[in-house]
Amino acid sequence: DKTRRGLINQLKAIVGQGPLNQDAVMEIEALLLQADVGVEATDYIINTLQQKLREEVLPPEQAIAYLKQILRELLEQPYQNSYNPIFVPEKDTLNIWLITGVNGAGKTTTIGKIAHLAQKSGYKCLIAAADTFRAAAVEQVKVWGERSGIDVIANPGKNADPAAVVFDGISAAQARGTELLLIDTAGRLQNKKNLMDELSKIRRIVDKKSPNAKVESLLVLDATLGQNGLRQAEVFSQAAKLSGVVLTKLDGTAKGGVALAVVKELGLPIRFIGAGEGIEDLRPFSSYEFIEALLSG
Amino acid sequence: MFDALAESLEDAWKKLRGQDKIRESNIQEALREVRRALLGADVNLQVVKDFVAEVETKALGADVIAGVRPDQQFIKIVYDQLVEVMGETNVPLAKAETSPTVVLMAGLQGTGKTTATAKLALHLQKLERRALLVATDVYRPAAIDQLVTLGQQINVPVFAMGTDADPVEIARQGVEKAKEMGVDTVIIDTAGRLQIDENMMGELARIKEIVQPHETLLVVDAMTGQEAANLTRTFHEQIGITGAILTKLDGDTRGGAALSVRRISGQPIKFVGVGEKVEALQPFYPDRMASRILGMGDVLTLVEKAQEEIDLV
Ligand SMILES: Nc1nc2c(ncn2[C@@H]2O[C@H](COP(=O)(O)OP(=O)(O)OP(=O)(O)O)[C@@H](O)[C@H]2O)c(=O)[nH]1
Ligand SMILES: Nc1nc2c(ncn2[C@@H]2O[C@H](COP(=O)(O)OP(=O)(O)OP(=O)(O)O)[C@@H](O)[C@H]2O)c(=O)[nH]1
Ligand SMILES: [Mg+2]
Ligand SMILES: [Mg+2]
């Protein structure tokens, strides 16, 4: 099975020990496209690789090492531009993490996992259940809260205003000396103007109500997404002033290559990856791991 | 973004415009743009390759129609081929000769199965068909609550046994219950699962085995990328699907996953989800999907123009 063979072996089958030829480059291109890296980002990567190949003849091992370097530089670019590579809430102060994304991406589950991790690491945590729209969304996040014994601020009324829940959540966090407040928001598609306005409003409340808090605004991207992920990042970035990305469902066979395009185009760092439905299935993002998986076919 | 794609396609057509006839030499660039457009729309690479090869064969074999420009003829060939692959017309939900019709919902996590379950029940209600919904997702927190809440919204009963019961047993008893109640359709919501999760796929296979559904619908998120082909292949091989529902088409994705799903399974896409509300379900129209994948209205206008010219001759 072709996909089971490593990229190196595939390339060697094409060029032997000799330098990479056009067929081999096409093979790499196909791999990137099949990982949802997208035509434009793939063109960029392939052109950069070709450039190098014009300067130097490279056998498969070295060509792949160079390819990995291109990808790694791409993914780590945000750290050159003011983003700290280490991502943790600051102790003894209020951190607010706003979790956003399209429907079904994995926001609520990610909150459950982060809450658990933060609790284990000794942070005082609180969750605000600001998805007041979807059926049983509040019940869902409450179950997650219970799993690590973390309180959930919610409004029991039907069709409650999400902005009001956020407001209440911040008040409670301030009163309790909470260190990490996680805000669960309703899924929304980025082309729904009213829903994106609602999100901007939530973000404004966060900034206004708690000007001294350390705010992180994270977009949850499903690794099975195709090129629409880039559009999502563009629009959410505007509405919620994004500061990072969480890539979920990497326990499947999808590679989440669109995240590469998101990092390249928007300069946002990937912070966590979700690799399962369990409470422990959250890991800090590692560009090394991501690239190895991406190129493993 | 869409405009850029439509533009690049148009550039490709333009290059054909000066030619008198579709030839292998002048078609290559146009084919390349079609390939890029389809990849940009998230059609699976392998599906794109096959599709482009078919278009090439058709285009080269096409008779020259006097008076019709090759670029227009080419656009028409691409579009027609897309519609053809997508399946000609919309296909309704199965109806068993003796009630209840059993419908099984399946798919990856978060694609919209539970929502689509309620949407289908409402759709059937409008056709005077009464449904029972069965809640077999014992894993996801509050999944049963979610289905119960949706059932209440549309006044459709939900059969549930809590989270300690075995999903296979819940499904079996759900169908028994439907017979007892005399409803004519029972729709079984299932937990989301990855196609590579052997235990969960095994569970789904056992549910299918025991309830013998008349319809097994794969629920696919329209924003899915290359993975659409793999997941469809595995669900179809291991479970056997009779159709699909494409959800979240109210977004601005081009929805190339539709082509992959249809092509890989050979089964029709029966409905599309176009919103979070329970009313937001529509039949699937292949021609609309084809123009969406190719770059929305622009291409359709071009096709219409081409069709007019062809009709004139
Ligand atoms: N396999 C896998 N499933 C995941 C992962 N993260 C979330 N899920 C599943 O994806 C589905 C949707 O997750 P949610 O957390 O409800 O997603 P959401 O973004 O909050 O959804 P909405 O609030 O409805 O927009 C659930 O079935 C989760 O169990 C992951 O990393 N891997
Ligand atoms: N905009 C939009 N949202 C949808 C559509 N269908 C479902 N959703 C939303 O997508 C999210 C996931 O839907 P669910 O029905 O919970 O998905 P599921 O497949 O049952 O998820 P799991 O059971 O966790 O695997 C929810 O926020 C739904 O409201 C649709 O057609 N359009
Ligand atoms: Mg949620
Ligand atoms: Mg569900």
# chains A, B, ... in the order shown; residues from 1 in each chain; ligands from 1
>>> select_by_dssp(residues="range 60-263 of chain A", states="helix (DSSP H, G or I)", output="mmCIF file with C-alpha atoms, in the first residue's frame")
data_model
loop_
_atom_site.group_PDB
_atom_site.id
_atom_site.type_symbol
_atom_site.label_atom_id
_atom_site.label_comp_id
_atom_site.auth_asym_id
_atom_site.auth_seq_id
_atom_site.Cartn_x
_atom_site.Cartn_y
_atom_site.Cartn_z
ATOM 1 C CA PRO A 60 15.698 12.005 -0.983
ATOM 2 C CA GLU A 61 16.888 12.146 2.659
ATOM 3 C CA GLN A 62 18.293 15.627 2.347
ATOM 4 C CA ALA A 63 15.360 16.862 0.307
ATOM 5 C CA ILE A 64 12.985 15.693 3.012
ATOM 6 C CA ALA A 65 15.070 17.242 5.728
ATOM 7 C CA TYR A 66 14.874 20.506 3.818
ATOM 8 C CA LEU A 67 11.125 20.111 3.307
ATOM 9 C CA LYS A 68 10.693 19.612 7.043
ATOM 10 C CA GLN A 69 12.723 22.706 7.688
ATOM 11 C CA ILE A 70 10.464 24.762 5.397
ATOM 12 C CA LEU A 71 7.386 23.470 7.212
ATOM 13 C CA ARG A 72 8.877 24.011 10.630
ATOM 14 C CA GLU A 73 9.868 27.585 9.862
ATOM 15 C CA LEU A 74 6.352 28.186 8.625
ATOM 16 C CA LEU A 75 4.765 26.830 11.797
ATOM 17 C CA GLU A 76 7.163 28.590 14.114
ATOM 18 C CA GLN A 77 7.001 31.952 12.395
ATOM 19 C CA PRO A 78 4.460 33.284 14.974
ATOM 20 C CA TYR A 79 7.082 32.866 17.710
ATOM 21 C CA GLN A 80 9.305 35.305 15.826
ATOM 22 C CA LYS A 107 -15.072 23.713 21.419
ATOM 23 C CA THR A 108 -16.957 22.330 24.402
ATOM 24 C CA THR A 109 -14.869 19.167 24.561
ATOM 25 C CA THR A 110 -11.676 21.215 24.373
ATOM 26 C CA ILE A 111 -12.899 23.345 27.280
ATOM 27 C CA GLY A 112 -13.524 20.193 29.298
ATOM 28 C CA LYS A 113 -9.975 19.034 28.583
ATOM 29 C CA ILE A 114 -8.303 22.386 29.272
ATOM 30 C CA ALA A 115 -10.252 22.777 32.520
ATOM 31 C CA HIS A 116 -9.055 19.385 33.645
ATOM 32 C CA LEU A 117 -5.441 20.157 32.769
ATOM 33 C CA ALA A 118 -5.541 23.540 34.493
ATOM 34 C CA GLN A 119 -7.168 22.048 37.581
ATOM 35 C CA LYS A 120 -4.484 19.382 37.752
ATOM 36 C CA ALA A 137 -25.223 22.720 25.145
ATOM 37 C CA VAL A 138 -25.323 23.908 28.753
ATOM 38 C CA GLU A 139 -25.932 20.381 30.055
ATOM 39 C CA GLN A 140 -22.989 19.178 27.993
ATOM 40 C CA VAL A 141 -20.530 21.707 29.371
ATOM 41 C CA LYS A 142 -21.869 21.097 32.886
ATOM 42 C CA VAL A 143 -20.998 17.414 32.591
ATOM 43 C CA TRP A 144 -17.496 18.439 31.563
ATOM 44 C CA GLY A 145 -17.261 20.790 34.540
ATOM 45 C CA GLU A 146 -18.350 18.037 36.923
ATOM 46 C CA ARG A 147 -15.679 15.703 35.593
ATOM 47 C CA PRO A 162 -24.794 34.878 25.718
ATOM 48 C CA ALA A 163 -23.235 38.273 26.384
ATOM 49 C CA ALA A 164 -25.006 38.389 29.745
ATOM 50 C CA VAL A 165 -23.610 34.969 30.646
ATOM 51 C CA VAL A 166 -20.118 36.178 29.783
ATOM 52 C CA PHE A 167 -20.664 39.219 31.956
ATOM 53 C CA ASP A 168 -21.847 37.046 34.853
ATOM 54 C CA GLY A 169 -18.963 34.668 34.322
ATOM 55 C CA ILE A 170 -16.401 37.452 34.571
ATOM 56 C CA SER A 171 -18.094 38.907 37.657
ATOM 57 C CA ALA A 172 -18.008 35.510 39.330
ATOM 58 C CA ALA A 173 -14.386 34.982 38.321
ATOM 59 C CA GLN A 174 -13.407 38.351 39.747
ATOM 60 C CA ALA A 175 -15.298 37.725 42.979
ATOM 61 C CA ARG A 176 -13.787 34.273 43.454
ATOM 62 C CA LYS A 193 -23.183 38.264 10.082
ATOM 63 C CA ASN A 194 -25.473 38.492 13.105
ATOM 64 C CA LEU A 195 -23.717 35.627 14.863
ATOM 65 C CA MET A 196 -20.304 37.107 14.179
ATOM 66 C CA ASP A 197 -21.545 40.449 15.518
ATOM 67 C CA GLU A 198 -22.682 38.633 18.635
ATOM 68 C CA LEU A 199 -19.172 37.234 18.994
ATOM 69 C CA SER A 200 -17.604 40.685 18.600
ATOM 70 C CA LYS A 201 -19.907 41.881 21.327
ATOM 71 C CA ILE A 202 -18.768 39.072 23.612
ATOM 72 C CA ARG A 203 -15.178 39.979 22.927
ATOM 73 C CA ARG A 204 -15.846 43.635 23.694
ATOM 74 C CA ILE A 205 -17.429 42.692 27.011
ATOM 75 C CA VAL A 206 -14.390 40.626 27.923
ATOM 76 C CA ASP A 207 -12.070 43.539 27.170
ATOM 77 C CA LYS A 208 -14.214 46.135 28.912
ATOM 78 C CA LYS A 209 -15.271 44.232 31.964
ATOM 79 C CA ASN A 228 -12.864 26.626 4.445
ATOM 80 C CA GLY A 229 -10.732 26.591 7.577
ATOM 81 C CA LEU A 230 -8.713 29.475 6.206
ATOM 82 C CA ARG A 231 -11.814 31.550 5.656
ATOM 83 C CA GLN A 232 -12.928 30.721 9.196
ATOM 84 C CA ALA A 233 -9.672 31.934 10.639
ATOM 85 C CA GLU A 234 -9.850 35.182 8.658
ATOM 86 C CA VAL A 235 -13.337 36.083 9.787
ATOM 87 C CA PHE A 236 -13.083 34.863 13.386
ATOM 88 C CA SER A 237 -9.801 36.676 13.694
ATOM 89 C CA GLN A 238 -11.609 39.940 12.995
ATOM 90 C CA ALA A 239 -14.591 39.290 15.227
ATOM 91 C CA ALA A 240 -12.876 37.733 18.220
ATOM 92 C CA VAL A 258 -5.245 23.701 6.484
ATOM 93 C CA ALA A 259 -3.809 24.782 9.835
ATOM 94 C CA LEU A 260 -0.540 25.310 8.024
ATOM 95 C CA ALA A 261 -2.227 27.746 5.685
ATOM 96 C CA VAL A 262 -3.855 29.447 8.673
ATOM 97 C CA VAL A 263 -0.500 29.926 10.398
#
>>> residues_near_ligand(ligand="ligand 4", cutoff="10 Å", atoms="only C-alpha atoms and all ligand atoms", output="PDB file with C-alpha atoms, in the first residue's frame")
ATOM      1  CA  GLY A 104     -19.244  20.891  15.898  1.00  0.00           C
TER       2      GLY A 104
ATOM      3  CA  MET B 105     -27.706   7.741  10.966  1.00  0.00           C
ATOM      4  CA  ALA B 106     -23.923   7.473  10.962  1.00  0.00           C
ATOM      5  CA  GLY B 107     -20.846   9.631  10.658  1.00  0.00           C
ATOM      6  CA  LEU B 108     -17.817  11.269  12.218  1.00  0.00           C
ATOM      7  CA  GLN B 109     -18.025  13.367  15.396  1.00  0.00           C
ATOM      8  CA  GLY B 110     -19.781  16.694  15.180  1.00  0.00           C
ATOM      9  CA  THR B 111     -21.006  16.407  11.601  1.00  0.00           C
ATOM     10  CA  GLY B 112     -24.653  17.028  12.475  1.00  0.00           C
ATOM     11  CA  LYS B 113     -26.226  13.582  12.950  1.00  0.00           C
ATOM     12  CA  THR B 114     -28.360  14.448  15.954  1.00  0.00           C
ATOM     13  CA  THR B 115     -29.579  17.660  14.372  1.00  0.00           C
ATOM     14  CA  ALA B 116     -30.280  15.869  11.078  1.00  0.00           C
ATOM     15  CA  THR B 117     -32.218  13.174  12.941  1.00  0.00           C
ATOM     16  CA  ALA B 135     -31.042   7.893  21.240  1.00  0.00           C
ATOM     17  CA  THR B 136     -28.117   5.465  21.129  1.00  0.00           C
ATOM     18  CA  ASP B 137     -25.297   7.931  21.812  1.00  0.00           C
ATOM     19  CA  VAL B 138     -24.371   6.949  25.350  1.00  0.00           C
ATOM     20  CA  TYR B 139     -20.879   8.471  25.111  1.00  0.00           C
ATOM     21  CA  ARG B 140     -21.010  12.163  24.364  1.00  0.00           C
ATOM     22  CA  PRO B 141     -22.029  14.224  27.393  1.00  0.00           C
ATOM     23  CA  ALA B 142     -25.704  15.242  27.167  1.00  0.00           C
ATOM     24  CA  ALA B 143     -26.178  13.672  23.737  1.00  0.00           C
ATOM     25  CA  ILE B 144     -29.441  12.101  24.877  1.00  0.00           C
ATOM     26  CA  GLN B 146     -29.870  17.044  23.059  1.00  0.00           C
ATOM     27  CA  LEU B 147     -32.055  14.611  21.101  1.00  0.00           C
ATOM     28  CA  ASP B 189     -29.224   8.587  16.072  1.00  0.00           C
ATOM     29  CA  THR B 190     -25.770   7.182  16.787  1.00  0.00           C
ATOM     30  CA  ALA B 191     -22.637   8.495  18.438  1.00  0.00           C
ATOM     31  CA  GLY B 192     -20.014  10.112  16.237  1.00  0.00           C
TER      32      GLY B 192
END
>>> interface_residues(of="chain B", to="chain A", cutoff="10 Å", atoms="only C-alpha atoms", output="compact mmCIF listing (two decimals) with N, CA, C and O atoms, in the first residue's frame")
# COMPACT_ATOMS: atom_id res chain seq x y z
N MET B 1 -12.02 35.04 -2.48
CA MET B 1 -11.40 33.73 -2.70
C MET B 1 -12.11 33.02 -3.84
O MET B 1 -11.51 32.48 -4.76
N ARG B 36 -7.23 22.69 -10.46
CA ARG B 36 -6.99 23.59 -9.32
C ARG B 36 -8.29 24.06 -8.68
O ARG B 36 -8.40 24.16 -7.46
N ALA B 37 -9.27 24.34 -9.52
CA ALA B 37 -10.55 24.80 -8.98
C ALA B 37 -11.18 23.71 -8.12
O ALA B 37 -11.70 23.98 -7.03
N LEU B 39 -9.66 21.19 -6.60
CA LEU B 39 -8.87 21.00 -5.38
C LEU B 39 -9.15 22.13 -4.39
O LEU B 39 -9.28 21.91 -3.19
N GLY B 40 -9.28 23.33 -4.92
CA GLY B 40 -9.60 24.48 -4.08
C GLY B 40 -10.96 24.34 -3.43
O GLY B 40 -11.23 24.89 -2.37
N ALA B 41 -11.82 23.59 -4.08
CA ALA B 41 -13.16 23.34 -3.54
C ALA B 41 -13.17 22.11 -2.65
O ALA B 41 -14.22 21.67 -2.20
N ASP B 42 -12.00 21.53 -2.40
CA ASP B 42 -11.84 20.37 -1.49
C ASP B 42 -12.29 19.03 -2.06
O ASP B 42 -12.58 18.10 -1.31
N VAL B 43 -12.37 18.92 -3.36
CA VAL B 43 -12.63 17.60 -3.93
C VAL B 43 -11.36 16.76 -3.71
O VAL B 43 -10.25 17.27 -3.84
N ASN B 44 -11.53 15.52 -3.37
CA ASN B 44 -10.38 14.65 -3.11
C ASN B 44 -9.48 14.52 -4.34
O ASN B 44 -9.97 14.41 -5.47
N LEU B 45 -8.18 14.55 -4.10
CA LEU B 45 -7.19 14.54 -5.19
C LEU B 45 -7.41 13.40 -6.19
O LEU B 45 -7.37 13.61 -7.40
N GLN B 46 -7.65 12.20 -5.68
CA GLN B 46 -7.84 11.07 -6.59
C GLN B 46 -9.12 11.24 -7.42
O GLN B 46 -9.14 10.96 -8.61
N LEU B 108 -18.86 10.81 11.30
CA LEU B 108 -17.82 11.27 12.22
C LEU B 108 -18.41 12.17 13.30
O LEU B 108 -19.54 12.62 13.19
N GLN B 109 -17.61 12.49 14.30
CA GLN B 109 -18.02 13.37 15.40
C GLN B 109 -18.35 14.78 14.91
O GLN B 109 -17.59 15.37 14.14
N GLY B 110 -19.46 15.29 15.40
CA GLY B 110 -19.78 16.69 15.18
C GLY B 110 -20.27 17.07 13.80
O GLY B 110 -20.36 18.26 13.47
N THR B 111 -20.61 16.08 12.97
CA THR B 111 -21.01 16.41 11.60
C THR B 111 -22.44 16.92 11.51
O THR B 111 -22.79 17.62 10.56
N GLY B 112 -23.26 16.56 12.50
CA GLY B 112 -24.65 17.03 12.47
C GLY B 112 -25.68 15.91 12.47
O GLY B 112 -26.82 16.11 12.04
N THR B 115 -28.76 16.60 14.95
CA THR B 115 -29.58 17.66 14.37
C THR B 115 -30.34 17.13 13.15
O THR B 115 -31.54 17.37 13.00
N TYR B 139 -22.25 8.04 24.83
CA TYR B 139 -20.88 8.47 25.11
C TYR B 139 -20.75 9.98 25.29
O TYR B 139 -20.20 10.44 26.28
N ARG B 140 -21.21 10.72 24.31
CA ARG B 140 -21.01 12.16 24.36
C ARG B 140 -21.85 12.77 25.49
O ARG B 140 -23.03 12.45 25.60
N PRO B 141 -21.26 13.62 26.31
CA PRO B 141 -22.03 14.22 27.39
C PRO B 141 -23.28 14.93 26.87
O PRO B 141 -23.21 15.71 25.92
N ALA B 142 -24.41 14.60 27.48
CA ALA B 142 -25.70 15.24 27.17
C ALA B 142 -26.20 15.00 25.74
O ALA B 142 -27.06 15.73 25.25
N ALA B 143 -25.70 13.97 25.10
CA ALA B 143 -26.18 13.67 23.74
C ALA B 143 -27.66 13.27 23.76
O ALA B 143 -28.42 13.65 22.87
N ILE B 144 -28.04 12.52 24.79
CA ILE B 144 -29.44 12.10 24.88
C ILE B 144 -30.33 13.31 25.15
O ILE B 144 -31.36 13.49 24.50
N ASP B 145 -29.91 14.16 26.09
CA ASP B 145 -30.63 15.41 26.37
C ASP B 145 -30.84 16.21 25.09
O ASP B 145 -31.90 16.80 24.88
N GLN B 146 -29.80 16.25 24.29
CA GLN B 146 -29.87 17.04 23.06
C GLN B 146 -30.98 16.51 22.15
O GLN B 146 -31.81 17.28 21.66
N LEU B 147 -31.02 15.20 21.97
CA LEU B 147 -32.05 14.61 21.10
C LEU B 147 -33.45 14.78 21.72
O LEU B 147 -34.41 15.09 21.01
N VAL B 148 -33.53 14.61 23.03
CA VAL B 148 -34.82 14.77 23.71
C VAL B 148 -35.32 16.21 23.54
O VAL B 148 -36.49 16.44 23.22
N THR B 149 -34.42 17.18 23.72
CA THR B 149 -34.81 18.58 23.56
C THR B 149 -35.29 18.86 22.14
O THR B 149 -36.31 19.52 21.94
N LEU B 150 -34.56 18.33 21.17
CA LEU B 150 -34.96 18.55 19.77
C LEU B 150 -36.31 17.88 19.50
O LEU B 150 -37.16 18.45 18.82
N GLN B 153 -39.01 20.02 20.72
CA GLN B 153 -39.23 21.19 19.85
C GLN B 153 -40.17 20.88 18.70
O GLN B 153 -40.92 21.74 18.25
N ARG B 193 -18.27 8.71 15.31
CA ARG B 193 -17.13 7.78 15.42
C ARG B 193 -16.17 7.99 14.25
O ARG B 193 -16.58 8.34 13.15
N LEU B 194 -14.89 7.76 14.53
CA LEU B 194 -13.89 7.80 13.47
C LEU B 194 -13.95 6.49 12.70
O LEU B 194 -14.14 5.43 13.32
N GLN B 195 -13.74 6.55 11.42
CA GLN B 195 -13.83 5.32 10.62
C GLN B 195 -12.71 4.34 10.92
O GLN B 195 -12.79 3.17 10.56
N ILE B 196 -11.66 4.81 11.63
CA ILE B 196 -10.57 3.90 11.97
C ILE B 196 -10.72 3.33 13.37
O ILE B 196 -9.87 2.57 13.83
N ASP B 197 -11.82 3.68 14.06
CA ASP B 197 -12.03 3.17 15.41
C ASP B 197 -12.76 1.82 15.31
O ASP B 197 -13.97 1.75 15.12
N ASP B 221 -20.11 16.53 6.96
CA ASP B 221 -19.98 17.98 7.04
C ASP B 221 -19.49 18.50 5.69
O ASP B 221 -18.46 18.03 5.18
N ALA B 222 -20.21 19.47 5.13
CA ALA B 222 -19.85 19.98 3.80
C ALA B 222 -18.48 20.65 3.77
O ALA B 222 -17.88 20.81 2.71
N MET B 223 -17.96 21.00 4.96
CA MET B 223 -16.65 21.66 4.99
C MET B 223 -15.49 20.67 5.03
O MET B 223 -14.33 21.07 5.06
N THR B 224 -15.81 19.37 5.01
CA THR B 224 -14.76 18.35 5.08
C THR B 224 -13.81 18.47 3.89
O THR B 224 -14.23 18.74 2.78
N GLY B 225 -12.55 18.23 4.16
CA GLY B 225 -11.57 18.29 3.09
C GLY B 225 -11.32 16.94 2.44
O GLY B 225 -12.25 16.17 2.21
N GLN B 226 -10.06 16.65 2.19
CA GLN B 226 -9.64 15.43 1.49
C GLN B 226 -10.15 14.16 2.17
O GLN B 226 -10.37 13.15 1.53
N GLU B 227 -10.33 14.23 3.49
CA GLU B 227 -10.74 13.07 4.28
C GLU B 227 -12.11 12.52 3.86
O GLU B 227 -12.43 11.35 4.13
N ALA B 228 -12.92 13.33 3.21
CA ALA B 228 -14.27 12.89 2.82
C ALA B 228 -14.21 11.57 2.06
O ALA B 228 -15.05 10.68 2.28
N ASN B 230 -11.84 9.15 2.20
CA ASN B 230 -11.45 8.03 3.06
C ASN B 230 -12.58 7.60 3.97
O ASN B 230 -12.85 6.40 4.13
N LEU B 231 -13.23 8.55 4.59
CA LEU B 231 -14.27 8.19 5.54
C LEU B 231 -15.45 7.54 4.82
O LEU B 231 -16.03 6.57 5.31
N LYS B 248 -24.35 21.71 6.95
CA LYS B 248 -23.67 23.00 7.10
C LYS B 248 -23.41 23.68 5.75
O LYS B 248 -22.45 24.43 5.60
N LEU B 249 -24.29 23.40 4.81
CA LEU B 249 -24.16 24.04 3.49
C LEU B 249 -24.60 25.49 3.52
O LEU B 249 -24.51 26.17 2.51
N ASP B 250 -25.10 25.94 4.67
CA ASP B 250 -25.41 27.36 4.80
C ASP B 250 -24.14 28.18 4.99
O ASP B 250 -24.18 29.41 5.00
N GLY B 251 -23.02 27.52 5.11
CA GLY B 251 -21.75 28.23 5.20
C GLY B 251 -21.29 28.66 3.82
O GLY B 251 -22.04 28.58 2.85
N ASP B 252 -20.02 29.10 3.74
CA ASP B 252 -19.54 29.52 2.43
C ASP B 252 -18.50 28.55 1.86
O ASP B 252 -17.70 28.91 1.02
N THR B 253 -18.56 27.32 2.32
CA THR B 253 -17.68 26.31 1.74
C THR B 253 -18.18 25.98 0.34
O THR B 253 -19.36 26.08 0.05
N ARG B 254 -17.25 25.57 -0.51
CA ARG B 254 -17.68 25.20 -1.86
C ARG B 254 -18.19 23.77 -1.91
O ARG B 254 -18.87 23.38 -2.86
N GLY B 255 -17.86 23.00 -0.90
CA GLY B 255 -18.53 21.71 -0.75
C GLY B 255 -18.07 20.60 -1.68
O GLY B 255 -18.85 19.72 -2.05
N GLY B 256 -16.80 20.64 -2.05
CA GLY B 256 -16.28 19.60 -2.93
C GLY B 256 -16.40 18.20 -2.34
O GLY B 256 -16.36 17.20 -3.08
N ALA B 257 -16.59 18.12 -1.02
CA ALA B 257 -16.77 16.82 -0.37
C ALA B 257 -17.94 16.06 -1.01
O ALA B 257 -17.93 14.84 -1.10
N GLY B 275 -28.75 24.92 8.02
CA GLY B 275 -28.89 25.78 9.19
C GLY B 275 -28.97 24.94 10.45
O GLY B 275 -29.06 23.72 10.40
N GLU B 276 -28.92 25.64 11.58
CA GLU B 276 -28.95 24.93 12.85
C GLU B 276 -30.36 24.57 13.27
O GLU B 276 -30.56 23.69 14.10
N LYS B 277 -31.32 25.28 12.73
CA LYS B 277 -32.70 25.06 13.15
C LYS B 277 -33.25 23.79 12.52
O LYS B 277 -32.80 23.34 11.46
>>> residues_around(residues="Phe51 in chain B", least_positions_apart="3", cutoff="9 Å", atoms="only C-alpha atoms", output="JSON, numbers by chain")
{"B": [35, 46, 47, 48, 54, 55, 56, 81, 82, 85]}
>>> closest_residue(among="A:Gly18, A:Gly297, A:Gly177, A:Gly101", to="ligand 2", atoms="only C-alpha atoms and all ligand atoms")
A:Gly101
>>> closest_residue(among="A:Ile153, A:Thr132, A:Ser82, A:Leu247", to="Leu282 in chain A", atoms="only C-alpha atoms")
A:Leu247
>>> closest_residue(among="A:Lys124, A:Leu221, A:Leu266, A:Leu181", to="Gly149 in chain A", atoms="only C-alpha atoms")
A:Lys124
>>> residues_around(residues="Gly122 in chain A", least_positions_apart="6", cutoff="12 Å", atoms="only C-alpha atoms", output="list in words")
Pro89, Glu90, Lys91, Asp92, Ala115, His116, Ser148, Thr178, Glu179 and Leu180 of chain A
